[in-house]
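Visitor: I am attaching a structure below and will ask some questions about it afterwards.
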Amino acid sequence: MATHIAIHDVSPAWEPEIDAALKLCARFGAKPALLVVPDYHARWPLREHASFTARLRALAEAGHEVLLHGYFHQARTEPLASTGEDGRPRGFQRFFAQRVVSAGEAEFSDLSRSEANERLDQGLTALGAAGLTPSGFVPPAWSMPAWVHELLRNRGFRYTEDHLFVYDPTTYHRRPSVVLNFASRTPARMWSSVAFCRVGRMARRLAPTRIALHPGDFRVPRLVREAESLLRWGADDFVSTTAAFMGRTGRP
Ligand SMILES: [Zn+2]
């Protein structure tokens, strides 16, 4: 089964760590997708980092696929009062997205439909201004309400994903897919994610596998070694495009 690799949180905020991730992938012949954040935490707008975006354009030309990854990669810091029928997750759903599965990063689980529409347009504009054309969208923390698929379909995005599935929003096709990634937020989460990545490798026989590398991993020597072992393990089966990963084309 195919293995797809992505570098998450591609932003000038993490330039040295992204370099390290790219170097590691290159050693194993992998061309990871780049999950680009247009303005990470509202402090790293791409337009102010011309050399970084030039680098991304060169990587795209060399065959790295670009995917839009949120806009700010951050939920609002103050929860809004509930306003009713706008689709925004509230209560426990919001708590789960922001506090259990992410450290307040689940941006698209914190937006109304009109805000999400606007955020996607702003993201496409920012990437377009940087000379980048994303072929898909991955929500920060893999978290979004189901109605976001419709917004992606309206924009012709042919790839998105969450924890359990990869989707083509334009055809409603989805495939189960295991995602292997590390958590560096606390030692307990780190060790359980390392254990999961080892056990999760066995799922490759059953479902296409995603390896998600986060820049934060590259600040923890233990996780760099684990990532290296994961890439060595997956190296026979890498595919470098989401179209091939979804089974739409042959393996590039
Ligand atoms: Zn992310």
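Letters A, B, ... mark the chains of the structure tokens in the order given; residue numbers begin at 1 per chain; ligand numbers begin at 1, in order shown.
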Which protein, DNA or RNA residues have an atom within 6 Å of ligand 1, counting only C-alpha atoms and all ligand atoms, as a ChimeraX atom specification?

Guide: /A:8-9,140-141

Visitor: Can you tell me, as a list of chain:residue names, what residues are no more than 12 Å from Ser184 of chain A when counting only C-alpha atoms, ignoring any on the same chain fewer than 2 positions away?

Guide: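 Selected residues are A:Ser102, A:Ala103, A:Asn181, A:Phe182, A:Thr186, A:Pro187, A:Ala188, A:Arg189, A:Met190, A:Trp191, A:Ser192, A:Ser193, A:Val194, A:Leu213, A:His214, A:Pro215, A:Gly216, A:Asp217, A:Phe218, A:Arg219, A:Val220, A:Pro221, A:Arg222, A:Leu223, A:Val224.
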
Visitor: Mind dumping the selected residues with N, CA and C atoms as a PDB file, in the first residue's frame?

Guide:
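Result written to part_29.pdb:
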```pdb
ATOM      1  N   SER A 102      -5.580  19.209  20.220  1.00  0.00           N
ATOM      2  CA  SER A 102      -4.607  20.215  19.801  1.00  0.00           C
ATOM      3  C   SER A 102      -4.436  21.216  20.925  1.00  0.00           C
ATOM      4  N   ALA A 103      -3.354  22.007  20.834  1.00  0.00           N
ATOM      5  CA  ALA A 103      -3.158  23.077  21.818  1.00  0.00           C
ATOM      6  C   ALA A 103      -3.706  24.376  21.229  1.00  0.00           C
ATOM      7  N   ASN A 181       2.146  10.040  13.175  1.00  0.00           N
ATOM      8  CA  ASN A 181       2.811  11.303  13.500  1.00  0.00           C
ATOM      9  C   ASN A 181       3.208  11.312  14.963  1.00  0.00           C
ATOM     10  N   PHE A 182       4.103  12.205  15.282  1.00  0.00           N
ATOM     11  CA  PHE A 182       4.602  12.280  16.654  1.00  0.00           C
ATOM     12  C   PHE A 182       4.021  13.493  17.354  1.00  0.00           C
ATOM     13  N   THR A 186       3.935  16.956  25.298  1.00  0.00           N
ATOM     14  CA  THR A 186       4.334  16.541  26.645  1.00  0.00           C
ATOM     15  C   THR A 186       5.077  15.209  26.517  1.00  0.00           C
ATOM     16  N   PRO A 187       5.923  14.851  27.488  1.00  0.00           N
ATOM     17  CA  PRO A 187       6.634  13.564  27.388  1.00  0.00           C
ATOM     18  C   PRO A 187       5.678  12.382  27.245  1.00  0.00           C
ATOM     19  N   ALA A 188       4.568  12.390  27.979  1.00  0.00           N
ATOM     20  CA  ALA A 188       3.643  11.250  27.900  1.00  0.00           C
ATOM     21  C   ALA A 188       3.075  11.118  26.494  1.00  0.00           C
ATOM     22  N   ARG A 189       2.672  12.254  25.927  1.00  0.00           N
ATOM     23  CA  ARG A 189       2.139  12.201  24.562  1.00  0.00           C
ATOM     24  C   ARG A 189       3.226  11.767  23.592  1.00  0.00           C
ATOM     25  N   MET A 190       4.448  12.231  23.836  1.00  0.00           N
ATOM     26  CA  MET A 190       5.520  11.872  22.928  1.00  0.00           C
ATOM     27  C   MET A 190       5.721  10.353  22.916  1.00  0.00           C
ATOM     28  N   TRP A 191       5.825   9.765  24.114  1.00  0.00           N
ATOM     29  CA  TRP A 191       6.085   8.321  24.156  1.00  0.00           C
ATOM     30  C   TRP A 191       4.920   7.527  23.606  1.00  0.00           C
ATOM     31  N   SER A 192       3.686   7.976  23.860  1.00  0.00           N
ATOM     32  CA  SER A 192       2.575   7.194  23.319  1.00  0.00           C
ATOM     33  C   SER A 192       2.523   7.334  21.804  1.00  0.00           C
ATOM     34  N   SER A 193       2.917   8.496  21.272  1.00  0.00           N
ATOM     35  CA  SER A 193       2.898   8.640  19.814  1.00  0.00           C
ATOM     36  C   SER A 193       4.008   7.803  19.175  1.00  0.00           C
ATOM     37  N   VAL A 194       5.149   7.718  19.847  1.00  0.00           N
ATOM     38  CA  VAL A 194       6.238   6.876  19.328  1.00  0.00           C
ATOM     39  C   VAL A 194       5.770   5.422  19.288  1.00  0.00           C
ATOM     40  N   LEU A 213       5.158  14.760   9.292  1.00  0.00           N
ATOM     41  CA  LEU A 213       6.301  15.287  10.042  1.00  0.00           C
ATOM     42  C   LEU A 213       5.983  16.719  10.466  1.00  0.00           C
ATOM     43  N   HIS A 214       6.153  17.003  11.741  1.00  0.00           N
ATOM     44  CA  HIS A 214       5.924  18.360  12.244  1.00  0.00           C
ATOM     45  C   HIS A 214       7.267  19.003  12.566  1.00  0.00           C
ATOM     46  N   PRO A 215       7.394  20.310  12.291  1.00  0.00           N
ATOM     47  CA  PRO A 215       8.676  20.965  12.575  1.00  0.00           C
ATOM     48  C   PRO A 215       9.127  20.762  14.019  1.00  0.00           C
ATOM     49  N   GLY A 216       8.165  20.777  14.957  1.00  0.00           N
ATOM     50  CA  GLY A 216       8.524  20.605  16.368  1.00  0.00           C
ATOM     51  C   GLY A 216       9.258  19.292  16.637  1.00  0.00           C
ATOM     52  N   ASP A 217       8.984  18.269  15.813  1.00  0.00           N
ATOM     53  CA  ASP A 217       9.676  16.977  15.983  1.00  0.00           C
ATOM     54  C   ASP A 217      11.187  17.169  15.866  1.00  0.00           C
ATOM     55  N   PHE A 218      11.570  18.125  15.003  1.00  0.00           N
ATOM     56  CA  PHE A 218      12.994  18.265  14.683  1.00  0.00           C
ATOM     57  C   PHE A 218      13.760  19.053  15.738  1.00  0.00           C
ATOM     58  N   ARG A 219      13.064  19.382  16.839  1.00  0.00           N
ATOM     59  CA  ARG A 219      13.752  19.972  17.987  1.00  0.00           C
ATOM     60  C   ARG A 219      14.011  18.927  19.059  1.00  0.00           C
ATOM     61  N   VAL A 220      13.571  17.694  18.817  1.00  0.00           N
ATOM     62  CA  VAL A 220      13.695  16.634  19.825  1.00  0.00           C
ATOM     63  C   VAL A 220      14.510  15.494  19.201  1.00  0.00           C
ATOM     64  N   PRO A 221      15.777  15.331  19.626  1.00  0.00           N
ATOM     65  CA  PRO A 221      16.629  14.322  18.974  1.00  0.00           C
ATOM     66  C   PRO A 221      15.995  12.933  18.908  1.00  0.00           C
ATOM     67  N   ARG A 222      15.293  12.554  19.975  1.00  0.00           N
ATOM     68  CA  ARG A 222      14.639  11.239  19.989  1.00  0.00           C
ATOM     69  C   ARG A 222      13.642  11.112  18.825  1.00  0.00           C
ATOM     70  N   LEU A 223      12.887  12.185  18.575  1.00  0.00           N
ATOM     71  CA  LEU A 223      11.874  12.126  17.515  1.00  0.00           C
ATOM     72  C   LEU A 223      12.515  12.176  16.131  1.00  0.00           C
ATOM     73  N   VAL A 224      13.669  12.835  16.006  1.00  0.00           N
ATOM     74  CA  VAL A 224      14.372  12.815  14.715  1.00  0.00           C
ATOM     75  C   VAL A 224      14.766  11.372  14.398  1.00  0.00           C
TER      76      VAL A 224
END
```

Visitor: Which residue is closest to Ser229 of chain A? Choose from A:Trp142, A:Tyr40, A:Trp147, A:Phe28 and count only C-alpha atoms.

Guide: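 Of all the options, A:Phe28 lies closest to Ser229 of chain A.
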
Visitor: Measuring atom to atom with only C-alpha atoms, identify which of A:His173, A:His69, A:His49, A:Arg158 is nearest to Val37 of chain A.

Guide: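 When distances to Val37 of chain A are compared using only C-alpha atoms, the smallest one comes from A:His69.
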
Visitor: Based on DSSP run over this structure's backbone, return all residues of segment 133-193 of chain A in helix (DSSP H, G or I), as a list in words.

Guide: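 Answer for segment 133-193 of chain A, restricted to helix (DSSP H, G or I): Pro140, Ala141, Trp142, Val148, His149, Glu150, Leu151, Leu152, Arg153, Asn154, Pro187, Ala188, Arg189, Met190, Trp191, Ser192 and Ser193 of chain A.
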
Visitor: With only C-alpha atoms as the atoms that count, which of A:Gly234, A:Gly200, A:Gly247, A:Gly70 lies nearest to Gly29 of chain A?

Guide: A:Gly234

Visitor: Figure out the distance between atom CA of Glu105 of chain A and atom CA of Ser51 of chain A, please, to one decimal in Å.

Guide: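 Result for atom CA of Ser51 of chain A versus atom CA of Glu105 of chain A: 26.1 Å, one decimal.
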
Visitor: Which residue gives the smallest distance to Ala6 of chain A among A:Leu34, A:Asp19, A:Ala203, A:Asp162, with only C-alpha atoms counted?

Guide: A:Leu34

Visitor: Mind giving me the straight-line distance from atom CA of Phe52 of chain A to atom CA of Thr242 of chain A in Å, one decimal?

Guide: 23.5 Å

Visitor: For a test of reading the model, state the distance in Å between atom CA of Arg113 of chain A and atom CA of Val66 of chain A, rounded to one decimal.

Guide: 24.1 Å

Visitor: Identify, on the basis of only C-alpha atoms, every residue whose closest approach to Pro134 of chain A does not exceed 8 Å; exclude the query and any residue fewer than 4 positions from it along the same chain; express the result as a compact mmCIF listing (two decimals) with N, CA and C atoms, in the first residue's frame.

Guide:
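Below you can see selection_3.txt, which holds the result:
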```txt
# COMPACT_ATOMS: atom_id res chain seq x y z
N GLU A 65 4.44 18.75 -3.80
CA GLU A 65 3.08 19.26 -3.90
C GLU A 65 2.82 20.25 -2.75
N VAL A 66 2.07 21.30 -3.07
CA VAL A 66 1.72 22.30 -2.04
C VAL A 66 0.26 22.13 -1.65
N LEU A 67 0.01 22.07 -0.35
CA LEU A 67 -1.35 22.01 0.17
C LEU A 67 -1.56 23.18 1.13
N LEU A 68 -2.75 23.74 1.09
CA LEU A 68 -3.08 24.82 2.03
C LEU A 68 -3.36 24.21 3.41
N LEU A 124 -5.97 31.17 -0.30
CA LEU A 124 -5.67 31.01 -1.73
C LEU A 124 -5.01 32.26 -2.29
N LEU A 127 -1.35 32.38 -1.01
CA LEU A 127 -0.49 31.42 -1.71
C LEU A 127 -0.29 31.85 -3.17
```

Visitor: Pick out the closest residue to Ala130 of chain A from this set: A:Pro38, A:Gly63, A:Pro32, A:Pro16. Count only C-alpha atoms.

Guide: A:Pro38

Visitor: For Arg225 of chain A, which residue among A:Val36, A:Ala21, A:Ala54, A:Ala60 is the nearest when counting only C-alpha atoms?

Guide: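 Of the candidates, the smallest distance to Arg225 of chain A is held by A:Ala21.
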